[in-house]
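One file, coords-v1.txt, is given below (compact mmCIF, C-alpha atoms).
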# COMPACT_ATOMS: atom_id res chain seq x y z
CA MET A 1 103.94 117.39 84.08
CA ILE A 2 103.03 120.97 83.25
CA PRO A 3 102.29 121.94 79.65
CA PRO A 4 105.18 123.41 77.59
CA SER A 5 103.41 126.77 77.41
CA SER A 6 103.68 127.15 81.19
CA ARG A 7 107.32 126.20 81.64
CA ASN A 8 108.73 129.66 81.00
CA ASN A 9 106.93 130.88 84.12
CA TYR A 10 109.44 129.12 86.34
CA LYS A 11 112.90 130.29 87.33
CA LYS A 12 115.56 128.04 85.82
CA THR A 13 119.30 128.36 86.13
CA ILE A 14 121.70 126.47 83.88
CA LEU A 15 124.30 124.74 86.04
CA SER A 16 127.57 122.94 85.44
CA LYS A 17 126.00 119.71 84.23
CA PRO A 18 124.60 120.48 80.76
CA ASN A 19 121.50 118.30 81.03
CA LEU A 20 120.31 119.60 84.42
CA LYS A 21 118.60 122.89 85.16
CA LEU A 22 117.72 124.17 88.61
CA LEU A 23 114.30 125.64 89.25
CA ILE A 24 112.38 126.93 92.24
CA THR A 25 108.93 125.37 92.48
CA GLU A 26 105.83 127.22 93.61
CA ASP A 27 106.18 126.21 97.29
CA GLY A 28 109.68 127.72 97.37
CA SER A 29 111.58 124.42 97.24
CA SER A 30 114.07 123.39 94.57
CA SER A 31 113.78 120.84 91.83
CA LEU A 32 115.65 119.94 88.66
CA LEU A 33 114.78 119.56 85.02
CA ASN A 34 116.59 116.84 83.07
CA THR A 35 116.77 118.44 79.65
CA THR A 36 117.84 115.22 77.93
CA LEU A 37 114.64 113.49 79.02
CA ASN A 38 112.62 116.71 79.21
CA ASP A 39 111.31 115.54 82.58
CA TYR A 40 111.19 117.16 86.01
CA TYR A 41 112.38 115.57 89.26
CA HIS A 42 109.28 116.90 91.05
CA SER A 43 106.06 118.76 90.42
CA THR A 44 106.72 122.40 89.57
CA LYS A 45 103.74 123.20 91.79
CA GLY A 46 105.86 122.21 94.79
CA ALA A 47 108.70 119.74 95.27
CA ILE A 48 108.33 119.43 99.04
CA GLY A 49 104.55 119.40 98.82
CA GLU A 50 104.49 116.56 96.31
CA SER A 51 107.09 114.38 98.05
CA LEU A 52 105.56 114.93 101.48
CA TYR A 53 102.13 113.88 100.27
CA VAL A 54 103.07 110.93 98.04
CA TYR A 55 105.90 109.31 99.98
CA ILE A 56 105.53 110.37 103.62
CA GLU A 57 101.77 110.76 104.09
CA GLN A 58 100.56 108.06 101.67
CA GLY A 59 103.60 105.83 102.25
CA ILE A 60 105.18 105.89 105.70
CA ASP A 61 102.27 107.42 107.61
CA TYR A 62 99.78 105.05 106.02
CA TYR A 63 101.97 102.03 106.69
CA ILE A 64 102.23 102.93 110.39
CA LYS A 65 98.47 103.50 110.52
CA THR A 66 97.81 100.00 109.19
CA ASN A 67 100.72 98.26 110.95
CA SER A 68 100.81 99.93 114.34
CA SER A 69 103.11 97.34 115.96
CA CYS A 70 106.00 98.17 113.61
CA LYS A 71 108.60 100.43 115.23
CA HIS A 72 111.51 99.92 112.83
CA LEU A 73 110.79 100.54 109.16
CA LYS A 74 112.77 99.39 106.15
CA VAL A 75 112.32 101.82 103.25
CA PHE A 76 113.60 101.36 99.70
CA GLU A 77 113.74 104.32 97.33
CA ILE A 78 114.07 104.00 93.58
CA GLY A 79 115.63 107.29 92.51
CA PHE A 80 117.63 109.15 95.18
CA GLY A 81 117.77 112.23 92.94
CA THR A 82 118.00 115.47 94.91
CA GLY A 83 117.74 113.62 98.23
CA LEU A 84 114.44 115.28 99.12
CA ASN A 85 112.60 112.09 100.05
CA ALA A 86 115.43 111.06 102.36
CA LEU A 87 115.40 114.51 103.99
CA LEU A 88 111.68 114.26 104.59
CA ALA A 89 112.09 110.78 106.09
CA ILE A 90 114.83 112.04 108.43
CA ASN A 91 112.56 114.89 109.48
CA TRP A 92 109.73 112.39 110.04
CA THR A 93 111.83 110.35 112.50
CA GLN A 94 112.56 113.51 114.49
CA LYS A 95 108.82 113.90 115.10
CA ASN A 96 107.82 110.24 115.49
CA PRO A 97 109.18 107.47 117.78
CA TYR A 98 110.32 105.12 115.01
CA LEU A 99 113.57 103.96 113.42
CA ILE A 100 114.13 103.92 109.67
CA ASP A 101 116.67 101.95 107.66
CA TYR A 102 116.60 103.78 104.34
CA GLU A 103 118.14 102.28 101.20
CA SER A 104 118.19 104.19 97.93
CA ILE A 105 119.47 103.56 94.43
CA GLU A 106 120.69 106.21 91.99
CA PRO A 107 122.63 105.37 88.81
CA HIS A 108 123.18 109.05 87.96
CA PRO A 109 124.02 111.05 91.11
CA VAL A 110 123.43 114.78 91.19
CA PRO A 111 126.84 116.52 91.18
CA LYS A 112 128.04 118.64 94.11
CA ALA A 113 127.90 121.82 92.03
CA ILE A 114 124.17 121.29 91.75
CA TYR A 115 123.10 119.76 95.07
CA THR A 116 124.83 122.56 97.00
CA GLN A 117 122.43 125.02 95.34
CA LEU A 118 119.25 123.15 96.24
CA GLN A 119 116.91 124.92 98.64
CA PHE A 120 114.88 122.79 101.05
CA LYS A 121 113.87 124.96 104.00
CA ASN A 122 116.54 124.81 106.75
CA TRP A 123 117.78 121.33 105.90
CA SER A 124 121.04 122.27 104.16
CA LEU A 125 123.21 120.48 106.74
CA ASN A 126 121.42 117.16 106.36
CA LEU A 127 121.29 117.67 102.57
CA ALA A 128 125.07 117.94 102.38
CA LYS A 129 125.51 114.92 104.70
CA ILE A 130 123.32 112.60 102.69
CA HIS A 131 124.91 113.54 99.39
CA LYS A 132 128.43 113.13 100.79
CA CYS A 133 127.72 109.63 102.12
CA GLU A 134 129.90 106.98 100.58
CA TRP A 135 128.14 104.56 98.30
CA GLU A 136 127.32 101.02 99.47
CA ILE A 137 128.20 101.80 103.12
CA PRO A 138 125.41 102.09 105.74
CA GLN A 139 125.75 105.34 107.68
CA ASN A 140 123.81 106.69 110.63
CA MET A 141 122.54 110.15 109.78
CA THR A 142 120.83 110.42 113.19
CA GLU A 143 120.14 108.00 116.03
CA ALA A 144 116.91 107.03 114.31
CA PHE A 145 117.86 107.11 110.63
CA LYS A 146 120.36 104.91 108.79
CA LEU A 147 121.08 105.57 105.11
CA THR A 148 122.63 103.29 102.51
CA LYS A 149 122.98 104.52 98.93
CA PHE A 150 123.70 102.32 95.93
CA ASN A 151 125.10 103.71 92.67
CA THR A 152 123.28 101.20 90.49
CA PRO A 153 120.12 100.85 88.38
CA LEU A 154 117.21 98.77 89.64
CA GLU A 155 117.98 96.03 87.11
CA LYS A 156 121.35 95.35 88.78
CA PHE A 157 120.34 95.87 92.39
CA GLU A 158 120.59 92.73 94.50
CA ASN A 159 117.09 91.74 95.50
CA LYS A 160 116.18 91.33 99.19
CA CYS A 161 113.15 89.07 99.39
CA GLY A 162 110.49 90.05 101.92
CA TYR A 163 112.62 92.82 103.43
CA TYR A 164 111.07 96.28 102.94
CA ASN A 165 107.97 97.79 104.51
CA VAL A 166 107.62 100.64 102.02
CA ILE A 167 109.00 101.29 98.54
CA PHE A 168 109.23 104.81 97.14
CA PHE A 169 109.07 104.38 93.35
CA ASP A 170 110.32 107.82 92.32
CA ALA A 171 111.90 107.23 88.92
CA PHE A 172 111.40 109.39 85.86
CA SER A 173 108.04 108.83 84.15
CA PRO A 174 107.30 105.68 82.11
CA SER A 175 107.14 107.72 78.90
CA LYS A 176 110.71 108.97 79.49
CA GLN A 177 112.42 105.88 80.96
CA PRO A 178 110.16 102.88 80.23
CA ASN A 179 112.84 100.33 81.12
CA ILE A 180 112.67 101.25 84.81
CA TRP A 181 108.93 100.53 84.86
CA HIS A 182 109.34 97.19 83.08
CA LEU A 183 107.35 94.25 84.44
CA SER A 184 110.53 92.47 85.56
CA ASN A 185 111.48 95.41 87.79
CA LEU A 186 108.01 95.60 89.26
CA LYS A 187 108.19 91.87 90.05
CA LYS A 188 111.48 92.55 91.82
CA CYS A 189 109.78 95.20 93.93
CA PHE A 190 106.92 92.87 94.78
CA ALA A 191 109.34 90.15 95.91
CA SER A 192 111.32 92.56 98.05
CA LEU A 193 108.32 93.79 100.05
CA LYS A 194 107.20 92.24 103.29
CA LYS A 195 103.63 90.98 103.51
CA ASN A 196 101.30 93.99 103.82
CA GLY A 197 104.06 96.29 102.56
CA PHE A 198 103.34 99.16 100.18
CA LEU A 199 104.76 100.64 97.01
CA VAL A 200 103.89 104.30 96.51
CA THR A 201 104.47 106.49 93.49
CA TYR A 202 103.32 109.70 91.86
CA CYS A 203 102.56 107.72 88.68
CA ALA A 204 99.09 106.42 87.77
CA GLN A 205 99.66 105.34 84.16
CA GLY A 206 97.19 102.72 82.95
CA GLN A 207 99.72 100.09 81.80
CA PHE A 208 101.67 100.51 85.03
CA LYS A 209 98.54 99.78 87.08
CA ARG A 210 97.68 96.77 84.92
CA ASP A 211 101.20 95.41 85.41
CA LEU A 212 100.95 95.83 89.19
CA LYS A 213 97.69 93.89 89.23
CA GLU A 214 99.16 91.14 87.05
CA ILE A 215 102.02 90.69 89.51
CA GLY A 216 99.69 90.37 92.49
CA PHE A 217 99.52 93.86 93.98
CA GLU A 218 96.25 95.26 95.25
CA ILE A 219 96.22 98.86 94.09
CA GLU A 220 94.54 102.08 95.14
CA THR A 221 94.33 105.04 92.83
CA LEU A 222 94.44 108.09 95.07
CA PRO A 223 94.14 111.83 94.37
CA GLY A 224 97.45 113.16 93.12
CA ALA A 225 99.62 115.84 94.67
CA MET A 226 100.13 119.47 93.68
CA GLY A 227 97.82 119.58 90.69
CA LYS A 228 98.36 116.03 89.44
CA TRP A 229 95.20 114.01 88.91
CA GLU A 230 96.17 110.70 90.51
CA MET A 231 98.84 108.65 92.26
CA VAL A 232 99.10 104.95 93.14
CA ARG A 233 99.55 103.02 96.36
CA ALA A 234 100.00 99.28 95.82
CA GLN A 235 99.97 96.67 98.60
CA LYS A 236 101.46 93.20 98.76
CA VAL A 237 98.82 91.26 100.69
CA THR A 238 100.10 87.72 100.17
Serialized structure, structure tokens:
Amino acid sequence: MIPPSSRNNYKKTILSKPNLKLLITEDGSSSLLNTTLNDYYHSTKGAIGESLYVYIEQGIDYYIKTNSSCKHLKVFEIGFGTGLNALLAINWTQKNPYLIDYESIEPHPVPKAIYTQLQFKNWSLNLAKIHKCEWEIPQNMTEAFKLTKFNTPLEKFENKCGYYNVIFFDAFSPSKQPNIWHLSNLKKCFASLKKNGFLVTYCAQGQFKRDLKEIGFEIETLPGAMGKWEMVRAQKVT
């Protein structure tokens, strides 16, 4: 989170939904500011840069590095948001010989008037496709990437025990939406991971890390992305 004194340095456009503002981050990619929560969807230093580092490099890439026999990944995302993480995962499958089943939850979808203005390199076609996908219905975005979106909060999502290889925990920060980071939700994530699966997130809050350890995760505190001090990768080893 950048300090309030720096926020006026970024281009923001008020859109049709009163509590969302569009901005262009420093790497040229789009993000949103939720003005109700006063929280950004991504780092203002670079939306693509942050998501690529935290979720693809430290999540999917690291999982493949440590589980080389896996050719079909199950990924669960908490916070579909702008769809950037899904776009990056689709792009990853186009460069790597793996399949991904990607499930994502989002209780507050970004409206069409906003997602059609997002700028993520030359991915506008895939961006429109993933946002137009019907909820609850698995759909093949490419031969290697299947997407299922759920319009529900984590508390109401039906748990799948021992199912996912990687979890992208990309909710708003604990100080803004503490209920999402509640111990009961983290236990749900732990149960849904396969043995040796990982949860990755931009967040490295102290209480969050203590809760992960209490549940049984082994955690690594890694350098953060795009100017942030730290991030967390947590592994289920039992």
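The space between atom CA of Asp211 of chain A and atom CA of Tyr164 of chain A spans 20.1 Å.
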>> List the spatial neighbours of Glu220 of chain A as JSON, numbers by chain - criterion: any atom at most 9 Å away, all atoms listed in the file, same-chain residues fewer than 6 positions off excluded.
In response: {"A": [231, 232, 233, 234, 235]}
Next, the residues of the selection above should be written as a PDB file, in the coordinates of the input with C-alpha atoms.
ATOM      1  CA  MET A 231      98.840 108.650  92.260  1.00  0.00           C
ATOM      2  CA  VAL A 232      99.100 104.950  93.140  1.00  0.00           C
ATOM      3  CA  ARG A 233      99.550 103.020  96.360  1.00  0.00           C
ATOM      4  CA  ALA A 234     100.000  99.280  95.820  1.00  0.00           C
ATOM      5  CA  GLN A 235      99.970  96.670  98.600  1.00  0.00           C
TER       6      GLN A 235
END
Near-Asn122 of chain A list (12 Å; all atoms listed in the file; drop same-chain fewer than 4 positions) as a short mmCIF file (atom, residue, chain, number, x, y, z; two decimals) with C-alpha atoms, in the coordinates of the input:
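Result file follows (result-v2.cif):
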data_model
loop_
_atom_site.label_atom_id
_atom_site.label_comp_id
_atom_site.auth_asym_id
_atom_site.auth_seq_id
_atom_site.Cartn_x
_atom_site.Cartn_y
_atom_site.Cartn_z
CA GLY A 28 109.68 127.72 97.37
CA SER A 29 111.58 124.42 97.24
CA LEU A 87 115.40 114.51 103.99
CA LEU A 88 111.68 114.26 104.59
CA ASN A 91 112.56 114.89 109.48
CA LEU A 118 119.25 123.15 96.24
CA ASN A 126 121.42 117.16 106.36
CA LEU A 127 121.29 117.67 102.57
CA ALA A 128 125.07 117.94 102.38
#
**Q.** Exercise: Ala89 of chain A partners within 10 Å, only C-alpha atoms, chain neighbours under 5 positions left out, as a list in words
**A.** Leu52, Tyr55, Ile56, Ile60, Val75, Leu84, Gln94, Ile100, Tyr102 and Phe145 of chain A
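Taking atom CA of Thr35 of chain A and atom CA of Gly83 of chain A as endpoints, the distance between them is 19.2 Å.
Here atom CA of Thr148 of chain A is placed at a distance of 12.4 Å from atom CA of Ile78 of chain A.
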Shortest contact to Tyr115 of chain A, candidates A:Phe80, A:Trp229, A:Tyr98, A:Trp92, atoms counted all atoms listed in the file, goes to A:Phe80
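With all atoms listed in the file as the atoms that count, the minimum distance from Lys160 of chain A to the choices A:Lys65, A:Lys74, A:His42, A:Lys146 is reached by A:Lys74.
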Across A:Ile215, A:Leu37, A:Asp101, A:Thr221, the smallest distance to Asn140 of chain A, with only C-alpha atoms counted, is shown by A:Asp101
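Excluding Trp181 of chain A itself and same-chain residues fewer than 4 positions from it, the residues having an atom within 10 Å of it are Leu154, Phe169, Ala171, Phe172, Ser173, Pro174, Ser175, Gln177, Asn185, Leu186, Gln207, Phe208 and Asp211 of chain A, counting all atoms listed in the file.
Distances here use only C-alpha atoms; by that measure, the residue among A:Thr44, A:Asn34, A:Asn165, A:Asn19 closest to Lys228 of chain A is A:Thr44.
By chain and then residue number, the residues within 9 Å of Lys188 of chain A are Leu154, Glu155, Asn159, Lys160, Cys161, Leu183 and Leu193 of chain A, counting all atoms listed in the file and disregarding those fewer than 5 positions away in sequence.
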For this session: Counting all atoms listed in the file, note down every residue that has an atom within 10 Å of the point (126.7, 106.9, 87.1) (file coordinates), as number ranges by chain.
Result: A: 106-110, 151-153
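Between Cys70 of chain A and the residues A:Val237, A:Lys194, A:Ile90, A:Asn38, the shortest atom-to-atom distance, using all atoms listed in the file, involves A:Lys194.
Minimum atom-to-atom distances from A:Gly81, A:Gly46, A:Gly197, A:Gly227 to Asn67 of chain A were compared using all atoms listed in the file, and the lowest value belongs to A:Gly197.
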Rebuild N, CA and C atoms on segment 42-66 of chain A, as an mmCIF file, keeping the file's coordinate frame?
data_model
loop_
_atom_site.group_PDB
_atom_site.id
_atom_site.type_symbol
_atom_site.label_atom_id
_atom_site.label_comp_id
_atom_site.auth_asym_id
_atom_site.auth_seq_id
_atom_site.Cartn_x
_atom_site.Cartn_y
_atom_site.Cartn_z
ATOM 1 N N HIS A 42 110.450 116.735 90.188
ATOM 2 C CA HIS A 42 109.280 116.900 91.050
ATOM 3 C C HIS A 42 108.236 117.742 90.323
ATOM 4 N N SER A 43 107.077 117.849 90.935
ATOM 5 C CA SER A 43 106.060 118.760 90.420
ATOM 6 C C SER A 43 106.544 120.196 90.543
ATOM 7 N N THR A 44 106.359 120.982 89.501
ATOM 8 C CA THR A 44 106.720 122.400 89.570
ATOM 9 C C THR A 44 105.757 123.174 90.466
ATOM 10 N N LYS A 45 104.656 122.568 90.841
ATOM 11 C CA LYS A 45 103.740 123.200 91.790
ATOM 12 C C LYS A 45 104.298 123.184 93.208
ATOM 13 N N GLY A 46 105.252 122.285 93.471
ATOM 14 C CA GLY A 46 105.860 122.210 94.790
ATOM 15 C C GLY A 46 106.579 120.905 95.008
ATOM 16 N N ALA A 47 107.908 120.957 95.077
ATOM 17 C CA ALA A 47 108.700 119.740 95.270
ATOM 18 C C ALA A 47 108.448 119.136 96.645
ATOM 19 N N ILE A 48 108.574 119.947 97.685
ATOM 20 C CA ILE A 48 108.330 119.430 99.040
ATOM 21 C C ILE A 48 106.891 118.969 99.184
ATOM 22 N N GLY A 49 105.965 119.760 98.686
ATOM 23 C CA GLY A 49 104.550 119.400 98.820
ATOM 24 C C GLY A 49 104.223 118.066 98.185
ATOM 25 N N GLU A 50 104.757 117.826 96.988
ATOM 26 C CA GLU A 50 104.490 116.560 96.310
ATOM 27 C C GLU A 50 105.118 115.385 97.051
ATOM 28 N N SER A 51 106.394 115.495 97.400
ATOM 29 C CA SER A 51 107.090 114.380 98.050
ATOM 30 C C SER A 51 106.494 114.082 99.427
ATOM 31 N N LEU A 52 106.149 115.128 100.159
ATOM 32 C CA LEU A 52 105.560 114.930 101.480
ATOM 33 C C LEU A 52 104.242 114.173 101.380
ATOM 34 N N TYR A 53 103.432 114.531 100.424
ATOM 35 C CA TYR A 53 102.130 113.880 100.270
ATOM 36 C C TYR A 53 102.262 112.440 99.767
ATOM 37 N N VAL A 54 103.009 112.251 98.677
ATOM 38 C CA VAL A 54 103.070 110.930 98.040
ATOM 39 C C VAL A 54 103.829 109.926 98.891
ATOM 40 N N TYR A 55 105.016 110.298 99.371
ATOM 41 C CA TYR A 55 105.900 109.310 99.980
ATOM 42 C C TYR A 55 105.821 109.252 101.508
ATOM 43 N N ILE A 56 105.614 110.386 102.155
ATOM 44 C CA ILE A 56 105.530 110.370 103.620
ATOM 45 C C ILE A 56 104.094 110.098 104.067
ATOM 46 N N GLU A 57 103.147 110.915 103.618
ATOM 47 C CA GLU A 57 101.770 110.760 104.090
ATOM 48 C C GLU A 57 101.121 109.484 103.564
ATOM 49 N N GLN A 58 101.218 109.240 102.256
ATOM 50 C CA GLN A 58 100.560 108.060 101.670
ATOM 51 C C GLN A 58 101.431 106.807 101.740
ATOM 52 N N GLY A 59 102.695 106.970 102.113
ATOM 53 C CA GLY A 59 103.600 105.830 102.250
ATOM 54 C C GLY A 59 103.869 105.486 103.696
ATOM 55 N N ILE A 60 104.776 106.209 104.332
ATOM 56 C CA ILE A 60 105.180 105.890 105.700
ATOM 57 C C ILE A 60 104.035 106.054 106.699
ATOM 58 N N ASP A 61 103.371 107.199 106.663
ATOM 59 C CA ASP A 61 102.270 107.420 107.610
ATOM 60 C C ASP A 61 101.189 106.367 107.471
ATOM 61 N N TYR A 62 100.845 106.039 106.229
ATOM 62 C CA TYR A 62 99.780 105.050 106.020
ATOM 63 C C TYR A 62 100.225 103.665 106.467
ATOM 64 N N TYR A 63 101.488 103.337 106.242
ATOM 65 C CA TYR A 63 101.970 102.030 106.690
ATOM 66 C C TYR A 63 101.863 101.918 108.213
ATOM 67 N N ILE A 64 102.299 102.942 108.927
ATOM 68 C CA ILE A 64 102.230 102.930 110.390
ATOM 69 C C ILE A 64 100.779 102.843 110.851
ATOM 70 N N LYS A 65 99.897 103.527 110.169
ATOM 71 C CA LYS A 65 98.470 103.500 110.520
ATOM 72 C C LYS A 65 97.893 102.098 110.416
ATOM 73 N N THR A 66 98.347 101.340 109.422
ATOM 74 C CA THR A 66 97.810 100.000 109.190
ATOM 75 C C THR A 66 98.658 98.886 109.794
#
